[in-house]
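Peer 1: Let me give you the structure first, and then I'll get to my questions.
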Amino acid sequence: MKFIHLTDTHIRKAYNAGGLDAMLEKLESAQGLEKILDRISWDDVDFAVITGDLVHEGNAEDYAYFNEILKTKVPVGIPVFPVLGNHDEKAAFYAGMLNEQIHKPYYYKEYMGDYRLIMLDSAVPGKESGYVIEEELEWLKEVLREPYGKGTVVFLHHPLIWSADGGGTMVAKNAGAVLDILEKSDVFAVFCGHTHQNSTELSNGIFQSTSDSAAFSLEIRGDELAFTKKSGYCIVQVNDQSVSVHHEISDTYDAVLSMSLESFADALKKMDDEEQQ
């Protein structure tokens with residue numbers, strides 16, 4: 001089984017004037033995604049998956065625009081499986097991509113030959129941090145109750161393991177509960193986004209890979225956090241339960257925005273604290 005792992009595309013038809021929106025407009029995220037999709041060799045690819053932050057806090061029209069890019073650039077017959085991230089708006093996603101007027105977590109399963117694929121929703125509306133709700137955990141337990149074929153691969157936005165700096169803010173808040181379910185099942189690999197960095201982890205026999213963002217990268221430079229033009233994606237080959245991940249890098253490492261790590265951490269904490277009041 002071979003697939004393309006994309007993440008954190010942050011697409012909008014038009015961005016606002018300030019903050020992260022201004023940076024994304026400067027980066028021309030949509031054109032960057034189109035360039036990535038054009039350079040991929042699709043001949044033997046079974047599917048593509050995009051692990052969240054599809055659109056940057058947009059509306060249904062933005063999701064329709066994002067969907068049109070995929071339909072135009074990904075060859076017919078290759079499915080693209082979307083996952084929702086913390087910058088996605090659930091109701092807008094359902095309306096713009098699925099033509100459904102509902103607002104609920106988006107999680108589902110697919111089958112690809114001898115493999116089962118599970119797409120989880122770790123995004124909590126209005127929060128930067130991730131959490132897999134109890135209803136979803138129960139669904140996950142039921143799906144994994146019986147093993148399938150050569151095993152199961154899980155996709156979600158927030159990592160379940162992150163040993164680099166800032167790990168506590170990167171992983172889903174109930175990552176332990178999710179891992180406990182996965183470790184008792186036939187799941188052997190997890191793919192996620194959110195970190196805007198390439199990383200691989202291994203925990204109790206479960207391999208986890210995060211990918212560069214297709215829009216921009218985050219890089220720690222001393223005591224500052226730099227938002228750079230670096231972007232990329234992963235080409236993944238699975239043979240039985242052996243996993244090979246090849247990282248493709250696009251664009252440069254030039255910083256388009258930087259801030260102190262302390263102020264960035266404070267901003268993330270404030271986001272979550274405001275929602276709890």
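A note on labels: chains of the structure tokens are A, B, ... as shown, every chain counts residues from 1, and ligands are counted from 1 in their shown order.
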Would you pick out the contacts of Gly32 (chain A) at 10 Å or less, using only C-alpha atoms, so that residues sharing its chain but fewer than 2 positions from it are not included, and give the list as a list of chain:residue names?
Peer 2: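 Residues meeting the cut-off are A:Thr9, A:Ile11, A:Leu27, A:Glu28, A:Ser29, A:Ala30, A:Glu34, A:Lys35, A:Ile36, A:Leu37, A:Asp38, A:Ala214, A:Ala215, A:Phe216, A:Lys229, A:Ser231, A:Gly232, A:Ser250, A:Asp251.
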Peer 1: List the spatial neighbours of Val55 (chain A) as a ChimeraX atom specification - criterion: any atom at most 9 Å away, only C-alpha atoms, same-chain residues fewer than 6 positions off excluded.
Peer 2: /A:8-12,62-63,66,85,87-89,93
Peer 1: Write the residues of the selection above to a file with C-alpha atoms, as an mmCIF file, in the first residue's frame.
Peer 2:
```
data_model
loop_
_atom_site.group_PDB
_atom_site.id
_atom_site.type_symbol
_atom_site.label_atom_id
_atom_site.label_comp_id
_atom_site.auth_asym_id
_atom_site.auth_seq_id
_atom_site.Cartn_x
_atom_site.Cartn_y
_atom_site.Cartn_z
ATOM 1 C CA ASP A 8 -1.819 21.591 7.577
ATOM 2 C CA THR A 9 -2.672 23.134 4.209
ATOM 3 C CA HIS A 10 -4.348 26.220 5.796
ATOM 4 C CA ILE A 11 -6.197 27.193 2.592
ATOM 5 C CA ARG A 12 -8.466 30.250 2.223
ATOM 6 C CA ASP A 62 -13.283 28.199 1.454
ATOM 7 C CA TYR A 63 -13.833 24.452 1.806
ATOM 8 C CA PHE A 66 -10.107 23.666 -1.258
ATOM 9 C CA GLY A 85 -7.666 19.957 12.722
ATOM 10 C CA HIS A 87 -8.094 25.480 12.632
ATOM 11 C CA ASP A 88 -10.942 23.727 10.799
ATOM 12 C CA GLU A 89 -14.579 24.760 11.260
ATOM 13 C CA PHE A 93 -16.372 21.678 6.344
#
```
Peer 1: Measuring atom to atom with only C-alpha atoms, identify which of A:Lys127, A:Ala91, A:Glu136, A:Tyr148 is nearest to Glu110 (chain A).
Peer 2: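 Going through A:Lys127, A:Ala91, A:Glu136, A:Tyr148 one by one, the smallest distance to Glu110 (chain A) is for A:Tyr148.
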Peer 1: Please run DSSP on the backbone and report, as an mmCIF file with N, CA and C atoms, in the first residue's frame, all residues within region 59-277 of chain A that come out as strand (DSSP E or B).
Peer 2:
```cif
data_model
loop_
_atom_site.group_PDB
_atom_site.id
_atom_site.type_symbol
_atom_site.label_atom_id
_atom_site.label_comp_id
_atom_site.auth_asym_id
_atom_site.auth_seq_id
_atom_site.Cartn_x
_atom_site.Cartn_y
_atom_site.Cartn_z
ATOM 1 N N VAL A 80 -9.069 10.930 -1.749
ATOM 2 C CA VAL A 80 -8.400 11.810 -0.795
ATOM 3 C C VAL A 80 -9.222 11.795 0.488
ATOM 4 N N PHE A 81 -8.610 11.383 1.585
ATOM 5 C CA PHE A 81 -9.311 11.261 2.861
ATOM 6 C C PHE A 81 -8.960 12.462 3.752
ATOM 7 N N PRO A 82 -9.926 13.314 4.066
ATOM 8 C CA PRO A 82 -9.659 14.471 4.924
ATOM 9 C C PRO A 82 -9.830 14.152 6.405
ATOM 10 N N VAL A 83 -9.042 14.834 7.219
ATOM 11 C CA VAL A 83 -9.116 14.770 8.678
ATOM 12 C C VAL A 83 -9.234 16.215 9.161
ATOM 13 N N TYR A 108 -14.247 8.423 10.833
ATOM 14 C CA TYR A 108 -14.773 7.382 9.962
ATOM 15 C C TYR A 108 -13.690 6.350 9.673
ATOM 16 N N LYS A 109 -14.074 5.274 9.014
ATOM 17 C CA LYS A 109 -13.117 4.247 8.634
ATOM 18 C C LYS A 109 -13.228 3.959 7.140
ATOM 19 N N GLU A 110 -12.126 3.510 6.566
ATOM 20 C CA GLU A 110 -12.064 3.106 5.165
ATOM 21 C C GLU A 110 -11.247 1.814 5.092
ATOM 22 N N TYR A 111 -11.351 1.145 3.965
ATOM 23 C CA TYR A 111 -10.570 -0.078 3.757
ATOM 24 C C TYR A 111 -9.803 0.051 2.445
ATOM 25 N N MET A 112 -8.533 -0.340 2.498
ATOM 26 C CA MET A 112 -7.678 -0.264 1.328
ATOM 27 C C MET A 112 -6.968 -1.608 1.195
ATOM 28 N N TYR A 115 -5.783 -3.581 4.357
ATOM 29 C CA TYR A 115 -5.568 -2.663 5.473
ATOM 30 C C TYR A 115 -6.850 -1.908 5.834
ATOM 31 N N ARG A 116 -7.016 -1.660 7.118
ATOM 32 C CA ARG A 116 -8.105 -0.814 7.603
ATOM 33 C C ARG A 116 -7.525 0.551 7.961
ATOM 34 N N LEU A 117 -8.194 1.604 7.527
ATOM 35 C CA LEU A 117 -7.779 2.976 7.804
ATOM 36 C C LEU A 117 -8.807 3.622 8.715
ATOM 37 N N ILE A 118 -8.337 4.289 9.761
ATOM 38 C CA ILE A 118 -9.238 4.994 10.691
ATOM 39 C C ILE A 118 -8.832 6.461 10.742
ATOM 40 N N MET A 119 -9.791 7.348 10.450
ATOM 41 C CA MET A 119 -9.573 8.777 10.520
ATOM 42 C C MET A 119 -10.290 9.322 11.756
ATOM 43 N N ALA A 123 -9.951 17.503 16.975
ATOM 44 C CA ALA A 123 -10.108 18.962 17.035
ATOM 45 C C ALA A 123 -11.263 19.351 17.943
ATOM 46 N N GLY A 130 -5.772 19.408 21.411
ATOM 47 C CA GLY A 130 -6.651 18.378 20.863
ATOM 48 C C GLY A 130 -7.218 17.467 21.934
ATOM 49 N N GLY A 151 -3.698 -5.390 9.200
ATOM 50 C CA GLY A 151 -3.615 -4.451 10.311
ATOM 51 C C GLY A 151 -4.275 -3.125 10.004
ATOM 52 N N THR A 152 -4.190 -2.220 10.969
ATOM 53 C CA THR A 152 -4.893 -0.935 10.913
ATOM 54 C C THR A 152 -3.920 0.227 11.039
ATOM 55 N N VAL A 153 -4.183 1.272 10.264
ATOM 56 C CA VAL A 153 -3.419 2.520 10.318
ATOM 57 C C VAL A 153 -4.371 3.633 10.733
ATOM 58 N N VAL A 154 -3.932 4.484 11.660
ATOM 59 C CA VAL A 154 -4.767 5.564 12.197
ATOM 60 C C VAL A 154 -4.213 6.916 11.748
ATOM 61 N N PHE A 155 -5.141 7.835 11.437
ATOM 62 C CA PHE A 155 -4.783 9.195 11.041
ATOM 63 C C PHE A 155 -5.548 10.174 11.925
ATOM 64 N N VAL A 187 -3.566 -2.014 15.444
ATOM 65 C CA VAL A 187 -2.985 -0.767 14.918
ATOM 66 C C VAL A 187 -1.462 -0.843 15.033
ATOM 67 N N PHE A 188 -0.773 -0.546 13.947
ATOM 68 C CA PHE A 188 0.686 -0.572 13.964
ATOM 69 C C PHE A 188 1.313 0.759 13.559
ATOM 70 N N ALA A 189 0.507 1.691 13.047
ATOM 71 C CA ALA A 189 1.076 2.977 12.629
ATOM 72 C C ALA A 189 0.050 4.100 12.788
ATOM 73 N N VAL A 190 0.551 5.286 13.122
ATOM 74 C CA VAL A 190 -0.264 6.493 13.281
ATOM 75 C C VAL A 190 0.406 7.613 12.489
ATOM 76 N N PHE A 191 -0.419 8.379 11.757
ATOM 77 C CA PHE A 191 0.090 9.523 10.994
ATOM 78 C C PHE A 191 -0.691 10.768 11.409
ATOM 79 N N CYS A 192 0.035 11.861 11.631
ATOM 80 C CA CYS A 192 -0.618 13.070 12.130
ATOM 81 C C CYS A 192 0.090 14.325 11.625
ATOM 82 N N SER A 199 8.720 14.282 12.027
ATOM 83 C CA SER A 199 9.165 13.590 13.223
ATOM 84 C C SER A 199 8.675 12.152 13.190
ATOM 85 N N THR A 200 9.453 11.238 13.749
ATOM 86 C CA THR A 200 9.015 9.852 13.914
ATOM 87 C C THR A 200 9.183 9.456 15.371
ATOM 88 N N GLU A 201 8.252 8.676 15.868
ATOM 89 C CA GLU A 201 8.269 8.200 17.251
ATOM 90 C C GLU A 201 7.866 6.729 17.254
ATOM 91 N N LEU A 202 8.250 6.022 18.304
ATOM 92 C CA LEU A 202 7.842 4.634 18.473
ATOM 93 C C LEU A 202 7.470 4.422 19.925
ATOM 94 N N SER A 203 6.251 3.907 20.159
ATOM 95 C CA SER A 203 5.780 3.668 21.517
ATOM 96 C C SER A 203 5.065 2.331 21.575
ATOM 97 N N ILE A 206 3.960 0.825 18.370
ATOM 98 C CA ILE A 206 3.201 1.666 17.435
ATOM 99 C C ILE A 206 4.107 2.761 16.892
ATOM 100 N N PHE A 207 4.225 2.811 15.587
ATOM 101 C CA PHE A 207 5.045 3.803 14.891
ATOM 102 C C PHE A 207 4.192 5.036 14.606
ATOM 103 N N GLN A 208 4.721 6.216 14.923
ATOM 104 C CA GLN A 208 4.022 7.465 14.628
ATOM 105 C C GLN A 208 4.889 8.368 13.754
ATOM 106 N N SER A 209 4.271 8.933 12.721
ATOM 107 C CA SER A 209 4.965 9.871 11.839
ATOM 108 C C SER A 209 4.164 11.158 11.734
ATOM 109 N N THR A 210 4.827 12.282 11.961
ATOM 110 C CA THR A 210 4.224 13.578 11.668
ATOM 111 C C THR A 210 4.921 14.144 10.434
ATOM 112 N N SER A 217 6.427 25.975 7.861
ATOM 113 C CA SER A 217 7.051 25.171 8.903
ATOM 114 C C SER A 217 7.308 26.004 10.151
ATOM 115 N N LEU A 218 7.401 25.334 11.284
ATOM 116 C CA LEU A 218 7.781 25.969 12.543
ATOM 117 C C LEU A 218 9.186 25.507 12.910
ATOM 118 N N GLU A 219 10.022 26.443 13.297
ATOM 119 C CA GLU A 219 11.409 26.112 13.620
ATOM 120 C C GLU A 219 11.844 26.908 14.839
ATOM 121 N N ILE A 220 12.416 26.217 15.828
ATOM 122 C CA ILE A 220 12.935 26.896 17.016
ATOM 123 C C ILE A 220 14.342 27.397 16.734
ATOM 124 N N ARG A 221 14.526 28.700 16.899
ATOM 125 C CA ARG A 221 15.829 29.339 16.678
ATOM 126 C C ARG A 221 16.206 30.071 17.958
ATOM 127 N N GLU A 224 13.485 31.890 20.052
ATOM 128 C CA GLU A 224 12.411 32.357 19.180
ATOM 129 C C GLU A 224 11.810 31.210 18.380
ATOM 130 N N LEU A 225 10.542 31.389 18.020
ATOM 131 C CA LEU A 225 9.866 30.451 17.132
ATOM 132 C C LEU A 225 9.716 31.121 15.778
ATOM 133 N N ALA A 226 10.288 30.511 14.743
ATOM 134 C CA ALA A 226 10.237 31.085 13.395
ATOM 135 C C ALA A 226 9.221 30.337 12.541
ATOM 136 N N PHE A 227 8.414 31.089 11.818
ATOM 137 C CA PHE A 227 7.500 30.549 10.819
ATOM 138 C C PHE A 227 8.210 30.676 9.473
ATOM 139 N N THR A 228 8.557 29.554 8.848
ATOM 140 C CA THR A 228 9.373 29.603 7.645
ATOM 141 C C THR A 228 8.597 29.159 6.403
ATOM 142 N N SER A 231 8.053 23.885 3.263
ATOM 143 C CA SER A 231 6.819 23.107 3.213
ATOM 144 C C SER A 231 7.138 21.734 2.642
ATOM 145 N N GLY A 232 6.206 20.809 2.796
ATOM 146 C CA GLY A 232 6.486 19.488 2.275
ATOM 147 C C GLY A 232 5.359 18.502 2.505
ATOM 148 N N TYR A 233 5.666 17.238 2.251
ATOM 149 C CA TYR A 233 4.692 16.163 2.384
ATOM 150 C C TYR A 233 5.465 14.860 2.506
ATOM 151 N N CYS A 234 4.755 13.743 2.718
ATOM 152 C CA CYS A 234 5.404 12.450 2.859
ATOM 153 C C CYS A 234 4.858 11.447 1.851
ATOM 154 N N ILE A 235 5.735 10.601 1.366
ATOM 155 C CA ILE A 235 5.355 9.448 0.555
ATOM 156 C C ILE A 235 5.543 8.226 1.440
ATOM 157 N N VAL A 236 4.476 7.467 1.646
ATOM 158 C CA VAL A 236 4.505 6.356 2.597
ATOM 159 C C VAL A 236 4.264 5.035 1.866
ATOM 160 N N GLN A 237 5.122 4.078 2.144
ATOM 161 C CA GLN A 237 4.984 2.730 1.586
ATOM 162 C C GLN A 237 4.818 1.758 2.744
ATOM 163 N N VAL A 238 3.758 0.937 2.682
ATOM 164 C CA VAL A 238 3.501 -0.056 3.725
ATOM 165 C C VAL A 238 3.526 -1.439 3.101
ATOM 166 N N ASN A 239 4.396 -2.301 3.628
ATOM 167 C CA ASN A 239 4.470 -3.697 3.190
ATOM 168 C C ASN A 239 4.271 -4.574 4.424
ATOM 169 N N SER A 242 5.552 -3.320 7.795
ATOM 170 C CA SER A 242 6.780 -2.549 7.636
ATOM 171 C C SER A 242 6.446 -1.223 6.968
ATOM 172 N N VAL A 243 6.879 -0.115 7.576
ATOM 173 C CA VAL A 243 6.501 1.222 7.109
ATOM 174 C C VAL A 243 7.736 2.010 6.698
ATOM 175 N N SER A 244 7.690 2.578 5.490
ATOM 176 C CA SER A 244 8.750 3.447 4.996
ATOM 177 C C SER A 244 8.160 4.823 4.709
ATOM 178 N N VAL A 245 8.773 5.864 5.282
ATOM 179 C CA VAL A 245 8.286 7.233 5.091
ATOM 180 C C VAL A 245 9.392 8.056 4.450
ATOM 181 N N HIS A 246 9.092 8.612 3.279
ATOM 182 C CA HIS A 246 10.052 9.471 2.581
ATOM 183 C C HIS A 246 9.533 10.903 2.622
ATOM 184 N N HIS A 247 10.346 11.808 3.174
ATOM 185 C CA HIS A 247 9.943 13.207 3.328
ATOM 186 C C HIS A 247 10.373 14.020 2.106
ATOM 187 N N GLU A 248 9.423 14.656 1.473
ATOM 188 C CA GLU A 248 9.705 15.551 0.345
ATOM 189 C C GLU A 248 9.592 16.995 0.834
ATOM 190 N N ILE A 249 10.612 17.781 0.578
ATOM 191 C CA ILE A 249 10.648 19.163 1.040
ATOM 192 C C ILE A 249 10.470 20.110 -0.132
ATOM 193 N N SER A 250 9.660 21.144 0.092
ATOM 194 C CA SER A 250 9.418 22.144 -0.933
ATOM 195 C C SER A 250 9.764 23.520 -0.378
ATOM 196 N N ALA A 255 12.531 32.721 7.173
ATOM 197 C CA ALA A 255 11.476 33.044 8.137
ATOM 198 C C ALA A 255 10.619 34.185 7.600
ATOM 199 N N VAL A 256 9.316 34.016 7.689
ATOM 200 C CA VAL A 256 8.395 35.092 7.304
ATOM 201 C C VAL A 256 7.773 35.728 8.537
ATOM 202 N N LEU A 257 7.968 35.113 9.694
ATOM 203 C CA LEU A 257 7.466 35.645 10.961
ATOM 204 C C LEU A 257 8.215 34.945 12.078
ATOM 205 N N SER A 258 8.548 35.675 13.142
ATOM 206 C CA SER A 258 9.158 35.036 14.299
ATOM 207 C C SER A 258 8.665 35.722 15.560
ATOM 208 N N MET A 259 8.657 34.981 16.657
ATOM 209 C CA MET A 259 8.232 35.519 17.947
ATOM 210 C C MET A 259 8.925 34.723 19.033
ATOM 211 N N SER A 260 8.945 35.258 20.246
ATOM 212 C CA SER A 260 9.589 34.539 21.337
ATOM 213 C C SER A 260 8.789 33.290 21.670
#
```
Peer 1: Using Å and a single decimal, report how far CA of Glu138 (chain A) sits from CA of Ile161 (chain A).
Peer 2: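 The value is 20.8 Å.
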Peer 1: Can you tell me which residues surround Ile133 (chain A) at a distance of at most 9 Å, considering only C-alpha atoms, apart from same-chain residues fewer than 5 positions away, and format the answer as a PyMOL selection string?
Peer 2: chain A and resi 105+121-122+124+138+174
Peer 1: Save the residues we just selected, N, CA, C and O atoms, as a CSV table (one decimal), in the first residue's frame?
Peer 2:
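The new file out.csv reads:
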```
chain,number,residue,atom,x,y,z
A,105,PRO,N,-18.3,16.1,15.2
A,105,PRO,CA,-17.0,15.6,14.9
A,105,PRO,C,-17.0,14.7,13.7
A,105,PRO,O,-18.0,14.0,13.4
A,121,ASP,N,-11.0,12.5,14.7
A,121,ASP,CA,-11.2,13.9,14.9
A,121,ASP,C,-10.7,14.3,16.3
A,121,ASP,O,-11.4,14.0,17.2
A,122,SER,N,-9.6,14.9,16.4
A,122,SER,CA,-9.1,15.4,17.7
A,122,SER,C,-9.3,16.9,17.9
A,122,SER,O,-8.8,17.4,18.9
A,124,VAL,N,-11.0,20.3,18.8
A,124,VAL,CA,-12.0,20.8,19.8
A,124,VAL,C,-12.3,22.3,19.3
A,124,VAL,O,-11.4,23.1,19.3
A,138,GLU,N,-15.3,5.4,22.2
A,138,GLU,CA,-16.1,4.2,22.3
A,138,GLU,C,-16.3,3.6,20.9
A,138,GLU,O,-16.3,2.4,20.7
A,174,ASN,N,-5.8,13.8,25.8
A,174,ASN,CA,-6.1,12.4,26.3
A,174,ASN,C,-5.4,11.4,25.4
A,174,ASN,O,-5.9,10.3,25.1
```
Peer 1: Measuring between only C-alpha atoms, which one of A:Glu134, A:Glu100, A:Glu128, A:Asp44 shows the shortest distance to His194 (chain A)?
Peer 2: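 So, comparing all the options, the nearest one is A:Glu128.
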Peer 1: Just the number, please: distance in Å from CA of Thr72 (chain A) to CA of Asn99 (chain A), one decimal.
Peer 2: 18.5 Å
Peer 1: Which residue, A:Ala48, A:Leu140, A:Ile102, A:Ile69, has the smallest gap to Asp180 (chain A) when you use only C-alpha atoms?
Peer 2: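 Of A:Ala48, A:Leu140, A:Ile102, A:Ile69, the one nearest Asp180 (chain A) is A:Leu140, counting only C-alpha atoms.
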